[in-house]
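Colleague: One structure coming up, written as structure tokens, with questions to follow.
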Amino acid sequence: MSTANQSWAKRNRMTITPLLFLLPGILFFVAYVVFPIFQSFNISLYEWDGLGEATYIGAGNYQELLTDRNFEISLWNNVKWLVLYLLAIPAGLLIALLLNQTVPGIRLYKSLFFFPFVISQVVVGLVFSWFYLPRVGLLNALLTSLGLESINVLGDPTLATYGIIAAGLWPQTAYCMILYLTGLNAVDPEQVEAGRLDGAKGVKMLWYVILPQLRPATFIAFVVTIIGALRSFDLISIMTNGGPFGSTRVLSFYMFEKALSEYGFRMGYGSAIAVVLFFIMLFFIAYFLWSMYRDEREARR
Amino acid sequence: MFPKPIQKQSRAAQITYQSLLPLALIMWLLPLLAVGLFSVRPLSDFTNGNYWGMPSSFEFFNNYGRVFFESDMPRYLWNSVLITVPTVVGAVALSCMTGFALGIYRFKGNLLIFFMFIAGNFVPFQILMVPVRDLTVSAGLYDTKLGLILFHVAFQTGFCTLFMRNFIRALPFELIEAARVEGVAEWRIFWYIVLPLMRPAIAALSVLVFTFIWNDYFWAIVLTQGPDAQPVTAGITSFNSQFVAQYHLMSAGSIVAALPPVAMFFMMQRHFIAGLTLGAVK
């Protein structure tokens, strides 16, 4: 019996070994990531305070979303985040081009330009909320010294979201910069020379010769920026806590507020908001996976 | 090389470039420099309205000393260490294994499992929040470091698997085939051949995951509550309510909270950047 077992194991070892190696990772990932996604779908169909009995209400939560003014504001703010956050990509490219030289000390410059990305978003949020302070902040000190009127960025419902996005762009631009700097390292010098001989320079060279070669960097910059924009939570929580008058909420923040804060424990309603956010993200995830799948097919050995 | 090397341009252009660099850097880091300046000021500067002039005295040791000796900051910092380090070890260990399995073996569903890891890694945290919190509460791990660690390990495994699998794919496959011909057992191939070659990937992922986890805020406030388990990102808010409007102490506190990943980055820069570019941009 044991020899039969052994030979079965031996015969199938090329299937069994990878499964054994995958098992712990998959178990963890399914329990904490994959399964909860479906649970959230389910919870979004209930009215539930997280403790007592859950009541099935079908699409009730989603119907409520349709008429929820705060949901609308959050969704609209998410759009602003998505669009404006993409500015990090050209800004990162610009700084990368500026720093792609070999002068003494340039390595240190590159690291110092990059390091806002390493700081936690909580601290970035604090740093910028002090920067914006009406009386004490550096921004207003600069404005008044230029003879301009001081502004209360985070206290003004029309400005606050833009102020937070600007804070978010700071580390995100640094991230895109480093992606492009590594990309520029790999640019083929012969193609650049050939371009020069053909009379291409400046913007033309950038557009026709350099950018096509930077496509992998642009792709990753795009992926991380979209995800970063839709995940924005820390900055909002630290800088305005959704205010003033709820004007800076985004879906991820509004969901948290509904499900877990003093506004009440509405797990079902919160989950419904999360499901909407998930579907927005799914649109992008599908595109990312499709591009990766294409590359994978090409790289098959 | 693009743009054109500055050495090939006029002397004037070179001088302009070299003198504009530090200026640009100062502009770029201005909000941070402001906080740095705040953190060495005495309280009296703020009451006298001296925000941007020279500090009337240099209170570096005083201010940072108070952060360490008169608040819960050291506890929060230590919690962060106790959460971050096990997470790094756990996620890297798990993903070495998953990456090996997905990178070396061909079997049905390989790509499907790989894409499950990638896709899961992109989802918004909020869709996991209610169930994960529930799971943690019912396992009796709410407001414990272990509860946070387990979730972080699981979630980071997605990203780490992506990285490890691509790294292993790029290793010379002949080595493994040669070992198989010699009759070396599969787990020995993993342990003695592949793992030593993965050292750069392990280093890159370790610094990267360290930074991600140290800087995590969302899960810290969802899964923990008080100074017993909360990491420094969450603790800084209670620190700030302890020292409301004392900007010199709040500034010093945030600098202390931000420092460990920054130090990690400057020490392990090369690995860090290799990790960030997912190894895809060489």
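In the structure tokens, chains take letters A, B, ... by order of appearance, with residues numbered from 1 within each chain and ligands from 1 in the order shown.
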I'd like the neighbourhood of Gly53 in chain B as a list in words, where a residue qualifies if any of its atoms comes within 12 Å (using only C-alpha atoms), though same-chain residues fewer than 4 positions away should be ignored.

Modeller: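 So, after excluding close chain neighbours, the residues are Leu138 and Ala141 of chain A; Ala34, Leu37, Phe38, Arg41, Asp45, Phe46, Asn48, Gly49 and Ser57 of chain B.
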
Colleague: Go ahead and write the residues just picked, all heavy atoms, as a PDB file, in the first residue's frame.

Modeller:
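So out31.pdb came out as:
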ATOM      1  N   LEU A 138       2.345  78.464   6.115  1.00  0.00           N
ATOM      2  CA  LEU A 138       3.337  79.058   5.215  1.00  0.00           C
ATOM      3  C   LEU A 138       2.682  79.594   3.943  1.00  0.00           C
ATOM      4  O   LEU A 138       3.077  80.642   3.423  1.00  0.00           O
ATOM      5  CB  LEU A 138       4.396  78.006   4.872  1.00  0.00           C
ATOM      6  CG  LEU A 138       5.545  78.458   3.993  1.00  0.00           C
ATOM      7  CD1 LEU A 138       6.265  79.642   4.609  1.00  0.00           C
ATOM      8  CD2 LEU A 138       6.516  77.313   3.768  1.00  0.00           C
ATOM      9  N   ALA A 141       1.386  82.926   4.616  1.00  0.00           N
ATOM     10  CA  ALA A 141       2.505  83.848   4.854  1.00  0.00           C
ATOM     11  C   ALA A 141       3.074  84.315   3.516  1.00  0.00           C
ATOM     12  O   ALA A 141       3.366  85.500   3.323  1.00  0.00           O
ATOM     13  CB  ALA A 141       3.582  83.154   5.683  1.00  0.00           C
TER      14      ALA A 141
ATOM     15  N   ALA B  34       9.066  73.561   6.411  1.00  0.00           N
ATOM     16  CA  ALA B  34       8.323  74.388   7.360  1.00  0.00           C
ATOM     17  C   ALA B  34       8.069  73.619   8.650  1.00  0.00           C
ATOM     18  O   ALA B  34       8.253  74.145   9.753  1.00  0.00           O
ATOM     19  CB  ALA B  34       6.998  74.835   6.732  1.00  0.00           C
ATOM     20  N   LEU B  37      11.200  73.309  10.658  1.00  0.00           N
ATOM     21  CA  LEU B  37      11.504  74.558  11.358  1.00  0.00           C
ATOM     22  C   LEU B  37      10.619  74.709  12.597  1.00  0.00           C
ATOM     23  O   LEU B  37      11.094  75.081  13.667  1.00  0.00           O
ATOM     24  CB  LEU B  37      11.281  75.736  10.394  1.00  0.00           C
ATOM     25  CG  LEU B  37      11.591  77.136  10.938  1.00  0.00           C
ATOM     26  CD1 LEU B  37      13.096  77.253  11.160  1.00  0.00           C
ATOM     27  CD2 LEU B  37      11.131  78.211   9.973  1.00  0.00           C
ATOM     28  N   PHE B  38       9.335  74.380  12.437  1.00  0.00           N
ATOM     29  CA  PHE B  38       8.417  74.445  13.579  1.00  0.00           C
ATOM     30  C   PHE B  38       8.903  73.575  14.731  1.00  0.00           C
ATOM     31  O   PHE B  38       8.770  73.936  15.893  1.00  0.00           O
ATOM     32  CB  PHE B  38       7.019  73.948  13.157  1.00  0.00           C
ATOM     33  CG  PHE B  38       6.123  75.034  12.627  1.00  0.00           C
ATOM     34  CD1 PHE B  38       6.644  76.243  12.197  1.00  0.00           C
ATOM     35  CD2 PHE B  38       4.752  74.837  12.558  1.00  0.00           C
ATOM     36  CE1 PHE B  38       5.812  77.241  11.705  1.00  0.00           C
ATOM     37  CE2 PHE B  38       3.918  75.825  12.075  1.00  0.00           C
ATOM     38  CZ  PHE B  38       4.452  77.028  11.645  1.00  0.00           C
ATOM     39  N   ARG B  41      11.305  75.121  17.289  1.00  0.00           N
ATOM     40  CA  ARG B  41      10.985  76.403  17.900  1.00  0.00           C
ATOM     41  C   ARG B  41      10.516  76.234  19.339  1.00  0.00           C
ATOM     42  O   ARG B  41       9.938  75.216  19.684  1.00  0.00           O
ATOM     43  CB  ARG B  41       9.836  77.073  17.130  1.00  0.00           C
ATOM     44  CG  ARG B  41      10.235  77.715  15.846  1.00  0.00           C
ATOM     45  CD  ARG B  41       9.041  78.433  15.258  1.00  0.00           C
ATOM     46  NE  ARG B  41       9.368  79.032  13.989  1.00  0.00           N
ATOM     47  CZ  ARG B  41      10.084  80.138  13.847  1.00  0.00           C
ATOM     48  NH1 ARG B  41      10.541  80.769  14.910  1.00  0.00           N
ATOM     49  NH2 ARG B  41      10.346  80.617  12.651  1.00  0.00           N
ATOM     50  N   ASP B  45       7.675  81.400  20.591  1.00  0.00           N
ATOM     51  CA  ASP B  45       7.664  81.917  19.222  1.00  0.00           C
ATOM     52  C   ASP B  45       6.252  81.955  18.646  1.00  0.00           C
ATOM     53  O   ASP B  45       5.897  82.873  17.913  1.00  0.00           O
ATOM     54  CB  ASP B  45       8.541  81.045  18.313  1.00  0.00           C
ATOM     55  CG  ASP B  45       9.985  81.499  18.347  1.00  0.00           C
ATOM     56  OD1 ASP B  45      10.291  82.371  19.185  1.00  0.00           O
ATOM     57  OD2 ASP B  45      10.778  80.981  17.552  1.00  0.00           O
ATOM     58  N   PHE B  46       5.474  80.922  18.994  1.00  0.00           N
ATOM     59  CA  PHE B  46       4.121  80.852  18.437  1.00  0.00           C
ATOM     60  C   PHE B  46       3.217  81.893  19.088  1.00  0.00           C
ATOM     61  O   PHE B  46       2.411  82.522  18.433  1.00  0.00           O
ATOM     62  CB  PHE B  46       3.542  79.444  18.612  1.00  0.00           C
ATOM     63  CG  PHE B  46       4.269  78.427  17.781  1.00  0.00           C
ATOM     64  CD1 PHE B  46       5.292  77.684  18.332  1.00  0.00           C
ATOM     65  CD2 PHE B  46       3.963  78.257  16.450  1.00  0.00           C
ATOM     66  CE1 PHE B  46       5.983  76.767  17.560  1.00  0.00           C
ATOM     67  CE2 PHE B  46       4.643  77.342  15.676  1.00  0.00           C
ATOM     68  CZ  PHE B  46       5.664  76.592  16.237  1.00  0.00           C
ATOM     69  N   ASN B  48       4.188  84.674  20.271  1.00  0.00           N
ATOM     70  CA  ASN B  48       4.593  86.016  19.824  1.00  0.00           C
ATOM     71  C   ASN B  48       4.367  86.239  18.333  1.00  0.00           C
ATOM     72  O   ASN B  48       4.705  87.288  17.799  1.00  0.00           O
ATOM     73  CB  ASN B  48       6.075  86.257  20.125  1.00  0.00           C
ATOM     74  CG  ASN B  48       6.343  86.249  21.609  1.00  0.00           C
ATOM     75  OD1 ASN B  48       5.435  86.506  22.394  1.00  0.00           O
ATOM     76  ND2 ASN B  48       7.566  85.925  21.990  1.00  0.00           N
ATOM     77  N   GLY B  49       3.842  85.217  17.655  1.00  0.00           N
ATOM     78  CA  GLY B  49       3.585  85.367  16.224  1.00  0.00           C
ATOM     79  C   GLY B  49       4.833  85.265  15.366  1.00  0.00           C
ATOM     80  O   GLY B  49       4.818  85.609  14.195  1.00  0.00           O
ATOM     81  N   SER B  57      15.038  80.596  20.087  1.00  0.00           N
ATOM     82  CA  SER B  57      16.031  79.690  20.666  1.00  0.00           C
ATOM     83  C   SER B  57      15.885  78.338  20.000  1.00  0.00           C
ATOM     84  O   SER B  57      14.839  78.040  19.424  1.00  0.00           O
ATOM     85  CB  SER B  57      15.834  79.561  22.183  1.00  0.00           C
ATOM     86  OG  SER B  57      14.548  79.041  22.443  1.00  0.00           O
TER      87      SER B  57
END

Colleague: What's around range 178-195 of chain B at 8 Å? Count only C-alpha atoms, leave out sequence neighbours fewer than 5 positions away in its own chain, and write the answer as a list in words.

Modeller: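 These residues fall inside the cut-off: Thr17 of chain A; Cys96, Phe100 and Ile168 of chain B.
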
Colleague: Would you mind exporting the chosen residues as a PDB file, in the first residue's frame, restricted to N, CA and C atoms?

Modeller:
ATOM      1  N   THR A  17       3.452  19.297  -5.841  1.00  0.00           N
ATOM      2  CA  THR A  17       4.393  20.260  -5.264  1.00  0.00           C
ATOM      3  C   THR A  17       3.881  21.704  -5.383  1.00  0.00           C
TER       4      THR A  17
ATOM      5  N   CYS B  96       7.344  33.869  -1.355  1.00  0.00           N
ATOM      6  CA  CYS B  96       8.439  33.091  -1.928  1.00  0.00           C
ATOM      7  C   CYS B  96       7.884  31.761  -2.419  1.00  0.00           C
ATOM      8  N   PHE B 100       7.255  30.817  -6.293  1.00  0.00           N
ATOM      9  CA  PHE B 100       7.956  29.629  -6.804  1.00  0.00           C
ATOM     10  C   PHE B 100       6.982  28.722  -7.542  1.00  0.00           C
ATOM     11  N   ILE B 168      11.023  35.218 -10.455  1.00  0.00           N
ATOM     12  CA  ILE B 168      11.440  33.825 -10.653  1.00  0.00           C
ATOM     13  C   ILE B 168      11.373  33.454 -12.125  1.00  0.00           C
TER      14      ILE B 168
END

Colleague: Might you pull out every residue within 8 Å of Leu97 in chain A, with only C-alpha atoms counted and same-chain residues fewer than 2 positions away left off, and present them as a PDB file with N, CA, C and O atoms, in the first residue's frame?

Modeller:
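Result saved to around.pdb:
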ATOM      1  N   LEU A  93       6.986  63.012 -15.044  1.00  0.00           N
ATOM      2  CA  LEU A  93       7.841  62.931 -16.230  1.00  0.00           C
ATOM      3  C   LEU A  93       8.698  64.185 -16.351  1.00  0.00           C
ATOM      4  O   LEU A  93       9.897  64.118 -16.618  1.00  0.00           O
ATOM      5  N   LEU A  94       8.070  65.328 -16.098  1.00  0.00           N
ATOM      6  CA  LEU A  94       8.788  66.597 -16.209  1.00  0.00           C
ATOM      7  C   LEU A  94       9.973  66.638 -15.239  1.00  0.00           C
ATOM      8  O   LEU A  94      11.104  66.969 -15.613  1.00  0.00           O
ATOM      9  N   ILE A  95       9.726  66.277 -13.979  1.00  0.00           N
ATOM     10  CA  ILE A  95      10.808  66.306 -12.994  1.00  0.00           C
ATOM     11  C   ILE A  95      11.877  65.278 -13.355  1.00  0.00           C
ATOM     12  O   ILE A  95      13.073  65.542 -13.242  1.00  0.00           O
ATOM     13  N   LEU A  99      15.846  65.941 -13.980  1.00  0.00           N
ATOM     14  CA  LEU A  99      16.896  65.357 -13.139  1.00  0.00           C
ATOM     15  C   LEU A  99      17.726  64.319 -13.876  1.00  0.00           C
ATOM     16  O   LEU A  99      18.670  63.775 -13.309  1.00  0.00           O
ATOM     17  N   ASN A 100      17.385  64.015 -15.115  1.00  0.00           N
ATOM     18  CA  ASN A 100      18.114  62.965 -15.821  1.00  0.00           C
ATOM     19  C   ASN A 100      19.418  63.503 -16.425  1.00  0.00           C
ATOM     20  O   ASN A 100      19.589  63.576 -17.629  1.00  0.00           O
ATOM     21  N   LEU A 181      12.327  57.917 -14.141  1.00  0.00           N
ATOM     22  CA  LEU A 181      13.797  57.976 -14.075  1.00  0.00           C
ATOM     23  C   LEU A 181      14.394  56.611 -14.401  1.00  0.00           C
ATOM     24  O   LEU A 181      15.356  56.516 -15.163  1.00  0.00           O
TER      25      LEU A 181
ATOM     26  N   PHE B   2      18.588  61.144 -22.895  1.00  0.00           N
ATOM     27  CA  PHE B   2      17.662  62.244 -23.129  1.00  0.00           C
ATOM     28  C   PHE B   2      17.269  62.831 -21.791  1.00  0.00           C
ATOM     29  O   PHE B   2      17.020  62.096 -20.849  1.00  0.00           O
ATOM     30  N   PRO B   3      17.128  64.117 -21.602  1.00  0.00           N
ATOM     31  CA  PRO B   3      17.486  65.134 -22.592  1.00  0.00           C
ATOM     32  C   PRO B   3      19.004  65.236 -22.793  1.00  0.00           C
ATOM     33  O   PRO B   3      19.755  64.582 -22.101  1.00  0.00           O
TER      34      PRO B   3
END

Colleague: Residues of chain A within 6 Å of chain B, using only C-alpha atoms, as a list in words?

Modeller: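 My answer is Pro18, Phe21, Leu22, Gly25, Phe28, Phe29, Pro36, Ile37, Val118, Ile119, Ser120, Val123, Phe131, Gly183, Pro189 and Ala274 of chain A.
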
Colleague: Could those selected residues go to a file with N, CA, C and O atoms, as a CSV table (one decimal), in the first residue's frame?

Modeller:
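Saved to out_15.csv:
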chain,number,residue,atom,x,y,z
A,18,PRO,N,3.5,22.2,-6.6
A,18,PRO,CA,3.0,23.6,-6.6
A,18,PRO,C,1.8,23.8,-5.8
A,18,PRO,O,1.7,24.8,-5.1
A,21,PHE,N,2.9,24.3,-2.2
A,21,PHE,CA,3.6,25.6,-2.1
A,21,PHE,C,2.6,26.7,-2.1
A,21,PHE,O,2.7,27.7,-1.4
A,22,LEU,N,1.5,26.5,-2.9
A,22,LEU,CA,0.5,27.6,-3.0
A,22,LEU,C,-0.4,27.6,-1.8
A,22,LEU,O,-1.0,28.7,-1.5
A,25,GLY,N,-0.5,30.4,1.1
A,25,GLY,CA,-0.7,31.8,0.5
A,25,GLY,C,-2.2,31.9,0.1
A,25,GLY,O,-2.8,32.9,0.4
A,28,PHE,N,-4.7,32.1,3.1
A,28,PHE,CA,-4.7,33.4,3.7
A,28,PHE,C,-5.5,34.4,2.8
A,28,PHE,O,-6.3,35.2,3.2
A,29,PHE,N,-5.1,34.4,1.5
A,29,PHE,CA,-5.6,35.4,0.6
A,29,PHE,C,-7.1,35.2,0.4
A,29,PHE,O,-7.9,36.2,0.3
A,36,PRO,N,-14.2,37.9,1.5
A,36,PRO,CA,-14.8,39.1,2.0
A,36,PRO,C,-15.5,39.9,0.9
A,36,PRO,O,-16.5,40.6,1.2
A,37,ILE,N,-14.9,39.9,-0.3
A,37,ILE,CA,-15.5,40.7,-1.4
A,37,ILE,C,-17.0,40.2,-1.6
A,37,ILE,O,-17.9,41.0,-1.6
A,118,VAL,N,7.8,58.3,0.6
A,118,VAL,CA,8.1,57.3,1.6
A,118,VAL,C,7.4,57.7,2.9
A,118,VAL,O,7.1,56.9,3.8
A,119,ILE,N,7.1,59.0,3.1
A,119,ILE,CA,6.4,59.5,4.3
A,119,ILE,C,5.0,59.0,4.3
A,119,ILE,O,4.3,59.0,3.2
A,120,SER,N,4.5,58.6,5.4
A,120,SER,CA,3.1,58.2,5.5
A,120,SER,C,2.1,59.3,5.1
A,120,SER,O,2.4,60.4,5.4
A,123,VAL,N,1.2,61.7,7.8
A,123,VAL,CA,2.1,62.8,8.0
A,123,VAL,C,2.0,63.9,6.9
A,123,VAL,O,2.0,65.1,7.1
A,131,PHE,N,0.5,73.6,6.5
A,131,PHE,CA,0.9,74.5,5.4
A,131,PHE,C,-0.3,75.4,5.0
A,131,PHE,O,-0.1,76.6,4.7
A,183,GLY,N,12.9,54.4,-16.1
A,183,GLY,CA,12.6,54.1,-17.5
A,183,GLY,C,13.6,54.8,-18.4
A,183,GLY,O,14.1,54.3,-19.4
A,189,PRO,N,20.3,54.6,-26.4
A,189,PRO,CA,21.0,55.8,-26.9
A,189,PRO,C,21.1,55.8,-28.4
A,189,PRO,O,21.1,56.9,-29.0
A,274,ALA,N,-19.4,50.6,-0.8
A,274,ALA,CA,-18.2,49.9,-1.1
A,274,ALA,C,-18.3,49.1,-2.4
A,274,ALA,O,-17.4,49.1,-3.3

Colleague: When you draw a straight line from CA of Ser40 in chain A to CA of Ser271 in chain A, how long is it in Å?

Modeller: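 Between CA of Ser40 in chain A and CA of Ser271 in chain A the gap works out to 5.7 Å.
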